[in-house]
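The structure file final25.cif is reproduced below (mmCIF, C-alpha atoms and all ligand atoms).
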```cif
data_data
#
loop_
_atom_site.group_PDB
_atom_site.id
_atom_site.type_symbol
_atom_site.label_atom_id
_atom_site.label_comp_id
_atom_site.auth_asym_id
_atom_site.auth_seq_id
_atom_site.Cartn_x
_atom_site.Cartn_y
_atom_site.Cartn_z
ATOM 1 C CA MET A 4 -41.152 -44.471 -21.940
ATOM 2 C CA SER A 5 -39.762 -45.732 -18.667
ATOM 3 C CA ALA A 6 -39.859 -43.605 -15.543
ATOM 4 C CA ARG A 7 -36.101 -43.444 -15.680
ATOM 5 C CA GLN A 8 -36.073 -41.901 -19.136
ATOM 6 C CA SER A 9 -38.826 -39.421 -18.428
ATOM 7 C CA ASP A 10 -37.037 -37.998 -15.410
ATOM 8 C CA PRO A 11 -35.375 -34.891 -16.900
ATOM 9 C CA THR A 12 -32.939 -34.567 -14.010
ATOM 10 C CA ARG A 13 -31.467 -37.956 -14.709
ATOM 11 C CA ILE A 14 -28.128 -37.584 -16.420
ATOM 12 C CA ALA A 15 -27.173 -40.263 -18.869
ATOM 13 C CA PRO A 16 -23.632 -41.546 -18.817
ATOM 14 C CA PRO A 17 -21.706 -40.429 -21.897
ATOM 15 C CA ARG A 18 -21.979 -42.959 -24.665
ATOM 16 C CA ARG A 19 -18.638 -44.339 -25.593
ATOM 17 C CA ILE A 20 -18.807 -46.351 -28.734
ATOM 18 C CA SER A 21 -15.731 -48.319 -29.581
ATOM 19 C CA ARG A 22 -14.775 -49.125 -33.140
ATOM 20 C CA ARG A 23 -15.776 -52.683 -32.318
ATOM 21 C CA ARG A 24 -19.266 -51.655 -31.281
ATOM 22 C CA LEU A 25 -19.513 -49.380 -34.290
ATOM 23 C CA LEU A 26 -18.717 -52.347 -36.486
ATOM 24 C CA ALA A 27 -21.095 -54.561 -34.598
ATOM 25 C CA SER A 28 -23.919 -52.106 -35.204
ATOM 26 C CA MET A 29 -23.435 -52.034 -38.962
ATOM 27 C CA PRO A 30 -25.285 -55.223 -39.985
ATOM 28 C CA ALA A 31 -28.406 -53.764 -38.412
ATOM 29 C CA PHE A 32 -28.425 -51.020 -41.039
ATOM 30 C CA GLY A 33 -27.832 -53.481 -43.844
ATOM 31 C CA GLY A 34 -30.662 -55.559 -42.472
ATOM 32 C CA LEU A 35 -32.932 -52.629 -43.148
ATOM 33 C CA LEU A 36 -32.988 -53.602 -46.806
ATOM 34 C CA LEU A 37 -33.552 -57.269 -46.211
ATOM 35 C CA THR A 38 -35.900 -57.410 -43.293
ATOM 36 C CA GLY A 39 -38.032 -54.334 -43.733
ATOM 37 C CA CYS A 40 -37.901 -51.141 -41.767
ATOM 38 C CA SER A 41 -37.728 -50.606 -38.098
ATOM 39 C CA ARG A 42 -38.937 -47.063 -37.507
ATOM 40 C CA ASP A 43 -35.931 -46.257 -35.391
ATOM 41 C CA LEU A 44 -33.571 -46.713 -38.294
ATOM 42 C CA LEU A 45 -35.425 -44.528 -40.767
ATOM 43 C CA PRO A 46 -34.132 -41.162 -41.892
ATOM 44 C CA PRO A 47 -36.403 -38.352 -40.688
ATOM 45 C CA THR A 48 -37.614 -37.556 -44.204
ATOM 46 C CA VAL A 49 -39.474 -40.832 -44.619
ATOM 47 C CA ARG A 50 -43.168 -40.241 -45.056
ATOM 48 C CA GLY A 51 -43.893 -42.848 -47.662
ATOM 49 C CA GLY A 52 -42.881 -40.640 -50.600
ATOM 50 C CA LEU A 53 -40.329 -41.572 -53.237
ATOM 51 C CA VAL A 54 -37.666 -39.266 -51.872
ATOM 52 C CA GLY A 55 -38.090 -40.922 -48.514
ATOM 53 C CA ALA A 56 -37.745 -44.380 -49.994
ATOM 54 C CA ALA A 57 -34.594 -43.330 -51.823
ATOM 55 C CA ASP A 58 -33.160 -42.015 -48.565
ATOM 56 C CA VAL A 59 -33.717 -45.370 -46.858
ATOM 57 C CA LEU A 60 -32.081 -47.152 -49.770
ATOM 58 C CA THR A 61 -29.074 -44.826 -49.884
ATOM 59 C CA MET A 62 -28.530 -44.959 -46.154
ATOM 60 C CA GLY A 63 -29.145 -48.698 -45.870
ATOM 61 C CA THR A 64 -27.008 -49.554 -48.897
ATOM 62 C CA ASN A 65 -24.202 -47.199 -47.981
ATOM 63 C CA ARG A 66 -23.930 -48.544 -44.462
ATOM 64 C CA TRP A 67 -24.291 -52.136 -45.614
ATOM 65 C CA LEU A 68 -21.711 -51.910 -48.399
ATOM 66 C CA LEU A 69 -19.257 -50.158 -46.126
ATOM 67 C CA ALA A 70 -19.897 -52.458 -43.176
ATOM 68 C CA ASP A 71 -16.291 -53.613 -43.077
ATOM 69 C CA GLN A 72 -14.818 -50.138 -43.584
ATOM 70 C CA PRO A 73 -16.741 -47.723 -41.415
ATOM 71 C CA LEU A 74 -14.090 -45.028 -41.781
ATOM 72 C CA ALA A 75 -14.112 -42.831 -44.862
ATOM 73 C CA ARG A 76 -10.943 -43.243 -46.906
ATOM 74 C CA GLU A 77 -8.000 -41.138 -45.756
ATOM 75 C CA TYR A 78 -5.353 -40.032 -48.258
ATOM 76 C CA PRO A 79 -1.614 -39.337 -48.170
ATOM 77 C CA ARG A 80 -0.403 -35.727 -47.900
ATOM 78 C CA SER A 81 0.775 -35.842 -51.512
ATOM 79 C CA GLU A 82 -2.843 -35.958 -52.702
ATOM 80 C CA ILE A 83 -3.987 -32.752 -51.001
ATOM 81 C CA ALA A 84 -5.431 -30.319 -53.584
ATOM 82 C CA PRO A 85 -3.320 -27.146 -53.920
ATOM 83 C CA ASP A 86 -6.344 -24.874 -53.510
ATOM 84 C CA PHE A 87 -9.352 -26.161 -51.680
ATOM 85 C CA PRO A 88 -12.372 -24.394 -53.257
ATOM 86 C CA THR A 89 -14.857 -22.217 -51.422
ATOM 87 C CA TRP A 90 -18.481 -22.858 -52.317
ATOM 88 C CA GLY A 91 -21.897 -21.553 -51.350
ATOM 89 C CA GLN A 92 -21.773 -18.884 -48.662
ATOM 90 C CA THR A 93 -18.215 -17.604 -48.199
ATOM 91 C CA ASN A 94 -18.707 -14.687 -45.778
ATOM 92 C CA PRO A 95 -22.047 -14.511 -43.953
ATOM 93 C CA PRO A 96 -23.383 -10.920 -43.903
ATOM 94 C CA ASP A 97 -24.992 -11.605 -40.499
ATOM 95 C CA GLU A 98 -24.118 -8.677 -38.188
ATOM 96 C CA GLU A 99 -23.162 -10.821 -35.238
ATOM 97 C CA TYR A 100 -20.913 -12.952 -37.447
ATOM 98 C CA GLN A 101 -19.194 -9.842 -38.815
ATOM 99 C CA ARG A 102 -18.642 -8.548 -35.278
ATOM 100 C CA LEU A 103 -17.070 -11.860 -34.172
ATOM 101 C CA LEU A 104 -14.932 -11.927 -37.322
ATOM 102 C CA ARG A 105 -13.566 -8.433 -36.596
ATOM 103 C CA GLY A 106 -12.634 -9.641 -33.111
ATOM 104 C CA GLY A 107 -10.692 -12.619 -34.466
ATOM 105 C CA PHE A 108 -13.460 -14.923 -33.137
ATOM 106 C CA GLU A 109 -12.275 -14.409 -29.559
ATOM 107 C CA GLU A 110 -15.860 -13.844 -28.524
ATOM 108 C CA TRP A 111 -17.271 -16.658 -30.630
ATOM 109 C CA ARG A 112 -19.077 -19.249 -28.507
ATOM 110 C CA LEU A 113 -20.618 -22.600 -29.347
ATOM 111 C CA PRO A 114 -23.584 -23.545 -27.161
ATOM 112 C CA VAL A 115 -24.272 -27.283 -26.981
ATOM 113 C CA SER A 116 -27.779 -27.865 -25.678
ATOM 114 C CA GLY A 117 -30.818 -30.107 -25.791
ATOM 115 C CA LEU A 118 -30.588 -33.754 -24.755
ATOM 116 C CA VAL A 119 -27.168 -33.605 -23.125
ATOM 117 C CA GLY A 120 -26.274 -34.151 -19.475
ATOM 118 C CA GLU A 121 -25.182 -30.570 -18.849
ATOM 119 C CA PRO A 122 -25.679 -27.988 -21.594
ATOM 120 C CA ALA A 123 -22.392 -26.130 -22.044
ATOM 121 C CA THR A 124 -20.846 -23.361 -24.112
ATOM 122 C CA PHE A 125 -17.378 -23.581 -25.624
ATOM 123 C CA SER A 126 -14.968 -20.969 -26.956
ATOM 124 C CA LEU A 127 -12.621 -21.601 -29.857
ATOM 125 C CA ASP A 128 -9.775 -21.997 -27.353
ATOM 126 C CA ASP A 129 -11.822 -24.534 -25.388
ATOM 127 C CA LEU A 130 -12.190 -26.614 -28.554
ATOM 128 C CA ARG A 131 -8.506 -26.245 -29.454
ATOM 129 C CA ARG A 132 -7.521 -27.518 -26.005
ATOM 130 C CA MET A 133 -9.486 -30.753 -26.454
ATOM 131 C CA PRO A 134 -7.838 -33.823 -28.030
ATOM 132 C CA ALA A 135 -7.621 -33.137 -31.764
ATOM 133 C CA ARG A 136 -8.012 -35.319 -34.813
ATOM 134 C CA THR A 137 -6.478 -34.627 -38.218
ATOM 135 C CA GLN A 138 -7.758 -36.402 -41.326
ATOM 136 C CA ILE A 139 -7.035 -36.115 -45.044
ATOM 137 C CA THR A 140 -10.269 -36.843 -46.863
ATOM 138 C CA ALA A 141 -12.143 -36.176 -50.100
ATOM 139 C CA HIS A 142 -14.916 -33.601 -49.982
ATOM 140 C CA VAL A 143 -17.578 -34.469 -52.550
ATOM 141 C CA CYS A 144 -20.013 -31.737 -53.509
ATOM 142 C CA GLU A 145 -23.350 -32.846 -54.910
ATOM 143 C CA GLN A 146 -22.949 -30.134 -57.533
ATOM 144 C CA GLY A 147 -20.158 -31.918 -59.299
ATOM 145 C CA TRP A 148 -16.754 -31.270 -57.779
ATOM 146 C CA SER A 149 -14.525 -32.918 -55.223
ATOM 147 C CA ALA A 150 -11.228 -32.077 -53.566
ATOM 148 C CA ILE A 151 -8.888 -33.654 -51.034
ATOM 149 C CA ALA A 152 -7.910 -31.662 -47.951
ATOM 150 C CA GLU A 153 -6.526 -32.061 -44.470
ATOM 151 C CA TRP A 154 -8.965 -31.150 -41.715
ATOM 152 C CA THR A 155 -8.104 -30.679 -38.040
ATOM 153 C CA GLY A 156 -10.637 -30.456 -35.257
ATOM 154 C CA VAL A 157 -12.149 -32.062 -32.206
ATOM 155 C CA PRO A 158 -14.377 -35.149 -32.483
ATOM 156 C CA LEU A 159 -18.029 -34.213 -31.933
ATOM 157 C CA LEU A 160 -18.314 -37.041 -29.397
ATOM 158 C CA THR A 161 -15.561 -35.476 -27.271
ATOM 159 C CA VAL A 162 -17.435 -32.170 -27.213
ATOM 160 C CA LEU A 163 -20.671 -33.926 -26.256
ATOM 161 C CA GLU A 164 -18.881 -35.729 -23.443
ATOM 162 C CA ARG A 165 -17.718 -32.326 -22.153
ATOM 163 C CA ALA A 166 -21.387 -31.343 -22.156
ATOM 164 C CA GLY A 167 -22.243 -34.174 -19.766
ATOM 165 C CA GLY A 168 -22.828 -36.840 -22.411
ATOM 166 C CA VAL A 169 -25.811 -37.643 -24.595
ATOM 167 C CA ARG A 170 -29.166 -38.534 -23.041
ATOM 168 C CA PRO A 171 -30.702 -41.837 -24.125
ATOM 169 C CA GLU A 172 -33.637 -40.150 -25.892
ATOM 170 C CA ALA A 173 -31.349 -38.259 -28.290
ATOM 171 C CA ARG A 174 -31.471 -39.425 -31.901
ATOM 172 C CA TYR A 175 -30.009 -36.518 -33.876
ATOM 173 C CA ALA A 176 -27.568 -33.663 -33.596
ATOM 174 C CA VAL A 177 -28.815 -30.450 -35.223
ATOM 175 C CA PHE A 178 -26.229 -27.877 -36.349
ATOM 176 C CA HIS A 179 -27.063 -24.194 -36.732
ATOM 177 C CA THR A 180 -24.947 -21.690 -38.645
ATOM 178 C CA ALA A 181 -24.380 -17.966 -39.120
ATOM 179 C CA ASP A 182 -25.996 -17.929 -42.570
ATOM 180 C CA GLY A 183 -29.164 -19.735 -41.529
ATOM 181 C CA TRP A 184 -28.178 -23.101 -42.980
ATOM 182 C CA TYR A 185 -28.942 -26.029 -40.699
ATOM 183 C CA GLU A 186 -28.424 -29.784 -40.987
ATOM 184 C CA SER A 187 -28.809 -32.826 -38.772
ATOM 185 C CA ILE A 188 -27.063 -36.180 -38.492
ATOM 186 C CA ASP A 189 -28.116 -39.320 -36.632
ATOM 187 C CA MET A 190 -26.346 -41.050 -33.743
ATOM 188 C CA PHE A 191 -24.353 -43.251 -36.111
ATOM 189 C CA ASP A 192 -22.628 -40.195 -37.546
ATOM 190 C CA VAL A 193 -22.593 -38.390 -34.188
ATOM 191 C CA VAL A 194 -20.361 -41.068 -32.643
ATOM 192 C CA HIS A 195 -18.360 -41.667 -35.835
ATOM 193 C CA PRO A 196 -14.658 -41.034 -35.133
ATOM 194 C CA GLN A 197 -14.254 -38.917 -38.288
ATOM 195 C CA THR A 198 -17.131 -36.614 -37.384
ATOM 196 C CA ILE A 199 -15.226 -33.569 -36.174
ATOM 197 C CA LEU A 200 -15.753 -29.896 -35.491
ATOM 198 C CA ALA A 201 -12.956 -28.601 -37.716
ATOM 199 C CA TYR A 202 -11.043 -25.393 -36.984
ATOM 200 C CA GLY A 203 -8.060 -26.166 -39.231
ATOM 201 C CA LEU A 204 -7.576 -26.680 -42.965
ATOM 202 C CA ASN A 205 -4.304 -27.905 -44.506
ATOM 203 C CA GLY A 206 -2.318 -27.016 -41.403
ATOM 204 C CA GLY A 207 -3.625 -23.449 -40.985
ATOM 205 C CA ASP A 208 -6.675 -21.851 -39.379
ATOM 206 C CA LEU A 209 -9.937 -22.591 -41.162
ATOM 207 C CA PRO A 210 -10.306 -19.758 -43.720
ATOM 208 C CA ILE A 211 -13.432 -17.604 -43.671
ATOM 209 C CA GLY A 212 -14.562 -18.899 -47.056
ATOM 210 C CA ASN A 213 -14.420 -22.467 -45.767
ATOM 211 C CA GLY A 214 -16.512 -21.799 -42.652
ATOM 212 C CA ALA A 215 -14.434 -20.026 -39.983
ATOM 213 C CA PRO A 216 -14.097 -20.345 -37.139
ATOM 214 C CA VAL A 217 -15.524 -23.890 -36.975
ATOM 215 C CA ARG A 218 -17.339 -26.166 -39.416
ATOM 216 C CA LEU A 219 -18.667 -29.704 -39.306
ATOM 217 C CA ARG A 220 -16.828 -32.491 -41.113
ATOM 218 C CA VAL A 221 -19.004 -35.555 -41.556
ATOM 219 C CA GLU A 222 -16.843 -37.568 -43.898
ATOM 220 C CA ARG A 223 -19.279 -40.247 -44.953
ATOM 221 C CA GLN A 224 -21.686 -37.703 -46.394
ATOM 222 C CA CYS A 225 -21.427 -35.224 -49.226
ATOM 223 C CA GLY A 226 -20.769 -31.483 -49.346
ATOM 224 C CA TYR A 227 -23.914 -29.886 -48.050
ATOM 225 C CA LYS A 228 -24.001 -31.862 -44.797
ATOM 226 C CA ASN A 229 -20.603 -30.340 -43.907
ATOM 227 C CA VAL A 230 -22.026 -27.102 -42.575
ATOM 228 C CA LYS A 231 -19.805 -24.039 -42.186
ATOM 229 C CA PHE A 232 -19.896 -21.089 -39.735
ATOM 230 C CA LEU A 233 -21.254 -23.127 -36.797
ATOM 231 C CA THR A 234 -23.198 -21.174 -34.196
ATOM 232 C CA SER A 235 -24.781 -23.905 -32.042
ATOM 233 C CA ILE A 236 -25.482 -27.611 -31.675
ATOM 234 C CA GLN A 237 -28.609 -29.238 -30.268
ATOM 235 C CA MET A 238 -29.185 -32.889 -29.413
ATOM 236 C CA VAL A 239 -32.804 -33.777 -30.133
ATOM 237 C CA ALA A 240 -35.204 -36.732 -30.288
ATOM 238 C CA SER A 241 -36.918 -35.406 -33.406
ATOM 239 C CA VAL A 242 -36.124 -32.912 -36.160
ATOM 240 C CA ALA A 243 -39.801 -32.125 -36.734
ATOM 241 C CA GLY A 244 -39.601 -28.660 -35.208
ATOM 242 C CA PHE A 245 -36.796 -27.308 -37.407
ATOM 243 C CA GLY A 246 -37.274 -25.596 -40.765
ATOM 244 C CA ARG A 247 -39.695 -27.579 -42.880
ATOM 245 C CA GLY A 248 -39.127 -30.616 -40.689
ATOM 246 C CA THR A 249 -36.992 -32.801 -42.971
ATOM 247 C CA GLY A 250 -33.833 -32.526 -40.861
ATOM 248 C CA GLY A 251 -31.871 -30.009 -42.915
ATOM 249 C CA LEU A 252 -31.938 -27.051 -45.233
ATOM 250 C CA ALA A 253 -30.868 -29.142 -48.220
ATOM 251 C CA SER A 254 -33.516 -31.820 -47.625
ATOM 252 C CA ASP A 255 -36.109 -29.086 -46.987
ATOM 253 C CA PHE A 256 -35.417 -28.213 -50.628
ATOM 254 C CA GLY A 257 -35.573 -31.743 -52.001
ATOM 255 C CA PHE A 258 -32.042 -33.124 -51.531
ATOM 256 C CA HIS A 259 -31.659 -36.354 -49.581
ATOM 257 C CA TRP A 260 -31.356 -36.016 -45.828
ATOM 258 C CA TYR A 261 -28.887 -38.875 -45.819
ATOM 259 C CA ALA A 262 -26.245 -37.879 -48.371
ATOM 260 C CA GLY A 263 -23.838 -40.813 -48.287
ATOM 261 C CA VAL A 264 -20.729 -40.886 -50.458
HETATM 262 N N1 LIG A 301 -23.310 -22.602 -43.570
HETATM 263 C C1 LIG A 301 -23.096 -23.128 -44.792
HETATM 264 N N2 LIG A 301 -22.552 -24.361 -44.864
HETATM 265 C C2 LIG A 301 -22.329 -24.913 -46.062
HETATM 266 C C3 LIG A 301 -22.667 -24.250 -47.273
HETATM 267 C C4 LIG A 301 -23.210 -22.931 -47.168
HETATM 268 O O1 LIG A 301 -23.509 -22.241 -48.160
HETATM 269 N N3 LIG A 301 -23.412 -22.403 -45.900
HETATM 270 N N4 LIG A 301 -22.467 -24.874 -48.488
HETATM 271 C C5 LIG A 301 -22.354 -26.350 -48.456
HETATM 272 C C6 LIG A 301 -21.878 -26.944 -49.696
HETATM 273 S S1 LIG A 301 -23.034 -27.224 -50.903
HETATM 274 C C7 LIG A 301 -20.600 -27.398 -49.834
HETATM 275 S S2 LIG A 301 -20.090 -28.222 -51.212
HETATM 276 C C8 LIG A 301 -19.581 -27.108 -48.804
HETATM 277 C C9 LIG A 301 -18.499 -26.243 -49.412
HETATM 278 O O2 LIG A 301 -17.463 -26.081 -48.509
HETATM 279 P P1 LIG A 301 -16.247 -25.153 -48.895
HETATM 280 O O3 LIG A 301 -16.764 -23.756 -49.094
HETATM 281 O O4 LIG A 301 -15.265 -25.285 -47.790
HETATM 282 O O5 LIG A 301 -15.709 -25.670 -50.207
HETATM 283 O O6 LIG A 301 -20.100 -26.445 -47.673
HETATM 284 C C10 LIG A 301 -21.423 -26.789 -47.332
HETATM 285 N N5 LIG A 301 -21.749 -26.142 -46.101
HETATM 286 MO MO MO A 302 -22.060 -28.815 -52.177
#
```
As structure tokens - that is how I would like this structure written.
Ligand SMILES: Nc1nc2c(c(=O)[nH]1)N[C@H]1C(S)=C(S)[C@@H](COP(=O)(O)O)O[C@H]1N2
Ligand SMILES: [Mo]
Amino acid sequence: MSARQSDPTRIAPPRRISRRRLLASMPAFGGLLLTGCSRDLLPPTVRGGLVGAADVLTMGTNRWLLADQPLAREYPRSEIAPDFPTWGQTNPPDEEYQRLLRGGFEEWRLPVSGLVGEPATFSLDDLRRMPARTQITAHVCEQGWSAIAEWTGVPLLTVLERAGGVRPEARYAVFHTADGWYESIDMFDVVHPQTILAYGLNGGDLPIGNGAPVRLRVERQCGYKNVKFLTSIQMVASVAGFGRGTGGLASDFGFHWYAGV
């Protein structure tokens, strides 16, 4: 590690990744399959086991096949499902969550910490005041259902920029939630323009059952990566210290860490 990187007071400039640079970075992931693995590109679950190998293949193949269309497909309004389902936890019993819910989430706060320039905490209003993105996408649950919905929120990258930008050592964002679920995504998905912190569904506030007040939308991955009831975000160099160390609750229990659709 260079002296520059090891100096914790040094603040990295926010990373701005243009669509062009995003595209330019794609062949590197495809190359994973053809040229063997560079450790930096491996999902955190890789330890030589079969699940790990499958993760590399899914991630490499997904990013290679979609190299010329890095955005997940967006649909016309006419295709929005009349009732977007609720699935998994729909109202966390957690006392603090219930207190915030009773207060209309006015006291809800989202701390963004770890490898960012200036750790910061945002209210729901803070997020709503940032430039928003609305996208109509298909949610695909690994348990056999999918539905199209319109999500509104603020790009994760915008929020990270408001927290002083991402430090060069950061490799993953870890998301914590009110029901104890956690997941992580790598820098590719962190900077992806469709990765948003969503507070709106189909033109209204995000309903409780769908993760109020704010959930993650990571459109190139399936259901369980789209964590609901966000409580905090951490930028980290390694996911080893969280849960069982595989980078998410689902992968801790044997699902793939990279869940591309
Ligand atoms: N915090 C939290 N996030 C979660 C879940 C959950 O139980 N708790 N379920 C996951 C699964 S498996 C799916 S398919 C989607 C469901 O989102 P929905 O309830 O809006 O349909 O949320 C994901 N995120
Ligand atoms: Mo799911």
Practice problem: Write out as an MDAnalysis selection string the residues lying within 6 Å of range 150-154 of chain A, counting only C-alpha atoms and excluding same-chain residues fewer than 4 positions away. | Solution: chainID A and resid 83:84 137:142 203:205
Set out as a Markdown table a contact list for chain A and ligand LIG 301 (chain A) with a cut-off of 10 Å, giving each residue of chain A that qualifies its closest atom pair and distance in Å to one decimal, counting only C-alpha atoms and all ligand atoms, ordered by chain and rising residue number.
```
| residue | atom | partner | partner_atom | distance |
| --- | --- | --- | --- | --- |
| A:Asp86 | CA | A:LIG301 | O5 | 10.0 |
| A:Phe87 | CA | A:LIG301 | O5 | 6.5 |
| A:Pro88 | CA | A:LIG301 | O5 | 4.7 |
| A:Thr89 | CA | A:LIG301 | O3 | 3.4 |
| A:Trp90 | CA | A:LIG301 | O3 | 3.8 |
| A:Gly91 | CA | A:LIG301 | O1 | 3.6 |
| A:Gln92 | CA | A:LIG301 | O1 | 3.8 |
| A:Thr93 | CA | A:LIG301 | O3 | 6.4 |
| A:Asn94 | CA | A:LIG301 | N3 | 9.0 |
| A:Pro95 | CA | A:LIG301 | N1 | 8.2 |
| A:His142 | CA | A:LIG301 | S2 | 7.6 |
| A:Val143 | CA | A:LIG301 | S2 | 6.9 |
| A:Cys144 | CA | A:LIG301 | S2 | 4.2 |
| A:Glu145 | CA | A:LIG301 | S2 | 6.8 |
| A:Gln146 | CA | A:LIG301 | S2 | 7.2 |
| A:Gly147 | CA | A:LIG301 | S2 | 8.9 |
| A:Trp148 | CA | A:LIG301 | S2 | 8.0 |
| A:Ser149 | CA | A:LIG301 | S2 | 8.3 |
| A:Ala150 | CA | A:LIG301 | O5 | 8.5 |
| A:Ala152 | CA | A:LIG301 | O4 | 9.7 |
| A:Phe178 | CA | A:LIG301 | N1 | 9.4 |
| A:His179 | CA | A:LIG301 | N1 | 8.0 |
| A:Thr180 | CA | A:LIG301 | N1 | 5.3 |
| A:Ala181 | CA | A:LIG301 | N1 | 6.5 |
| A:Asp182 | CA | A:LIG301 | N1 | 5.5 |
| A:Gly183 | CA | A:LIG301 | N1 | 6.8 |
| A:Trp184 | CA | A:LIG301 | N1 | 4.9 |
| A:Tyr185 | CA | A:LIG301 | N1 | 7.2 |
| A:Glu186 | CA | A:LIG301 | N2 | 8.9 |
| A:Leu204 | CA | A:LIG301 | O4 | 9.2 |
| A:Leu209 | CA | A:LIG301 | O4 | 8.9 |
| A:Pro210 | CA | A:LIG301 | O4 | 8.5 |
| A:Ile211 | CA | A:LIG301 | O3 | 8.9 |
| A:Gly212 | CA | A:LIG301 | O3 | 5.7 |
| A:Asn213 | CA | A:LIG301 | O4 | 3.6 |
| A:Gly214 | CA | A:LIG301 | O4 | 6.3 |
| A:Ala215 | CA | A:LIG301 | O4 | 9.4 |
| A:Arg218 | CA | A:LIG301 | N2 | 7.8 |
| A:Leu219 | CA | A:LIG301 | N5 | 8.3 |
| A:Arg220 | CA | A:LIG301 | N5 | 9.5 |
| A:Cys225 | CA | A:LIG301 | S2 | 7.4 |
| A:Gly226 | CA | A:LIG301 | S2 | 3.8 |
| A:Tyr227 | CA | A:LIG301 | C5 | 3.9 |
| A:Lys228 | CA | A:LIG301 | C10 | 6.2 |
| A:Asn229 | CA | A:LIG301 | N5 | 4.9 |
| A:Val230 | CA | A:LIG301 | N2 | 3.6 |
| A:Lys231 | CA | A:LIG301 | N2 | 3.8 |
| A:Phe232 | CA | A:LIG301 | N1 | 5.4 |
| A:Leu233 | CA | A:LIG301 | N1 | 7.1 |
| A:Thr234 | CA | A:LIG301 | N1 | 9.5 |
| A:Leu252 | CA | A:LIG301 | C1 | 9.7 |
| A:Ala253 | CA | A:LIG301 | S1 | 8.5 |
```
Quiz item: Interatomic distance between CA of Arg170 in chain A and CA of Ile236 in chain A?
Solution: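 Calculated distance between CA of Arg170 in chain A and CA of Ile236 in chain A is 14.4 Å.
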Show me as a PDB file with C-alpha atoms, in the coordinates of the input the residues that reach within 8 Å of (-18.9, -36.4, -37.5), counting all atoms listed in the file and using the file's own coordinates.
```
ATOM      1  CA  PRO A 158     -14.377 -35.149 -32.483  1.00  0.00           C
ATOM      2  CA  LEU A 159     -18.029 -34.213 -31.933  1.00  0.00           C
ATOM      3  CA  ASP A 192     -22.628 -40.195 -37.546  1.00  0.00           C
ATOM      4  CA  VAL A 193     -22.593 -38.390 -34.188  1.00  0.00           C
ATOM      5  CA  VAL A 194     -20.361 -41.068 -32.643  1.00  0.00           C
ATOM      6  CA  HIS A 195     -18.360 -41.667 -35.835  1.00  0.00           C
ATOM      7  CA  PRO A 196     -14.658 -41.034 -35.133  1.00  0.00           C
ATOM      8  CA  GLN A 197     -14.254 -38.917 -38.288  1.00  0.00           C
ATOM      9  CA  THR A 198     -17.131 -36.614 -37.384  1.00  0.00           C
ATOM     10  CA  ILE A 199     -15.226 -33.569 -36.174  1.00  0.00           C
ATOM     11  CA  LEU A 200     -15.753 -29.896 -35.491  1.00  0.00           C
ATOM     12  CA  LEU A 219     -18.667 -29.704 -39.306  1.00  0.00           C
ATOM     13  CA  ARG A 220     -16.828 -32.491 -41.113  1.00  0.00           C
ATOM     14  CA  VAL A 221     -19.004 -35.555 -41.556  1.00  0.00           C
ATOM     15  CA  GLU A 222     -16.843 -37.568 -43.898  1.00  0.00           C
TER      16      GLU A 222
END
```
Check what the PyMOL selection byres (((chain A and resi 114-129) around 9) and not hetatm) selects in the file above and give those residues as a compact mmCIF listing (two decimals) with C-alpha atoms, keeping the file's coordinate frame.
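Dumped to expr-v9.txt:
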```txt
# COMPACT_ATOMS: atom_id res chain seq x y z
CA THR A 12 -32.94 -34.57 -14.01
CA ARG A 13 -31.47 -37.96 -14.71
CA ILE A 14 -28.13 -37.58 -16.42
CA ALA A 15 -27.17 -40.26 -18.87
CA PRO A 16 -23.63 -41.55 -18.82
CA PRO A 17 -21.71 -40.43 -21.90
CA PHE A 108 -13.46 -14.92 -33.14
CA GLU A 109 -12.28 -14.41 -29.56
CA GLU A 110 -15.86 -13.84 -28.52
CA TRP A 111 -17.27 -16.66 -30.63
CA ARG A 112 -19.08 -19.25 -28.51
CA LEU A 113 -20.62 -22.60 -29.35
CA LEU A 130 -12.19 -26.61 -28.55
CA ARG A 131 -8.51 -26.24 -29.45
CA ARG A 132 -7.52 -27.52 -26.00
CA MET A 133 -9.49 -30.75 -26.45
CA VAL A 162 -17.43 -32.17 -27.21
CA LEU A 163 -20.67 -33.93 -26.26
CA GLU A 164 -18.88 -35.73 -23.44
CA ARG A 165 -17.72 -32.33 -22.15
CA ALA A 166 -21.39 -31.34 -22.16
CA GLY A 167 -22.24 -34.17 -19.77
CA GLY A 168 -22.83 -36.84 -22.41
CA VAL A 169 -25.81 -37.64 -24.60
CA ARG A 170 -29.17 -38.53 -23.04
CA PRO A 171 -30.70 -41.84 -24.12
CA GLU A 172 -33.64 -40.15 -25.89
CA ALA A 173 -31.35 -38.26 -28.29
CA TYR A 202 -11.04 -25.39 -36.98
CA PRO A 216 -14.10 -20.34 -37.14
CA VAL A 217 -15.52 -23.89 -36.98
CA THR A 234 -23.20 -21.17 -34.20
CA SER A 235 -24.78 -23.90 -32.04
CA ILE A 236 -25.48 -27.61 -31.68
CA GLN A 237 -28.61 -29.24 -30.27
CA MET A 238 -29.18 -32.89 -29.41
CA VAL A 239 -32.80 -33.78 -30.13
CA ALA A 240 -35.20 -36.73 -30.29
```
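Separating CA of Gly206 in chain A from CA of Arg76 in chain A is a distance of 19.2 Å.
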Quiz item: What is the CA of Ala75 in chain A to CA of Ala243 in chain A distance in Å?
Solution: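 Computed distance, CA of Ala75 in chain A to CA of Ala243 in chain A, equals 29.0 Å.
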For range 198-207 of chain A, take all atoms listed in the file, fit an axis-aligned box around them, add 8 Å to each of the six sides, then output centre and edge lengths in Å rounded to one decimal, as lines of an AutoDock Vina configuration file.
```
center_x = -9.7
center_y = -30.0
center_z = -40.0
size_x = 30.8
size_y = 29.2
size_z = 25.0
```
Quiz item: Which residue out of A:Thr249, A:Gln224, A:Ser241, A:Gln101 has the minimum interatomic distance to ligand MO 302 (chain A) when only C-alpha atoms and all ligand atoms are used?
Solution: A:Gln224
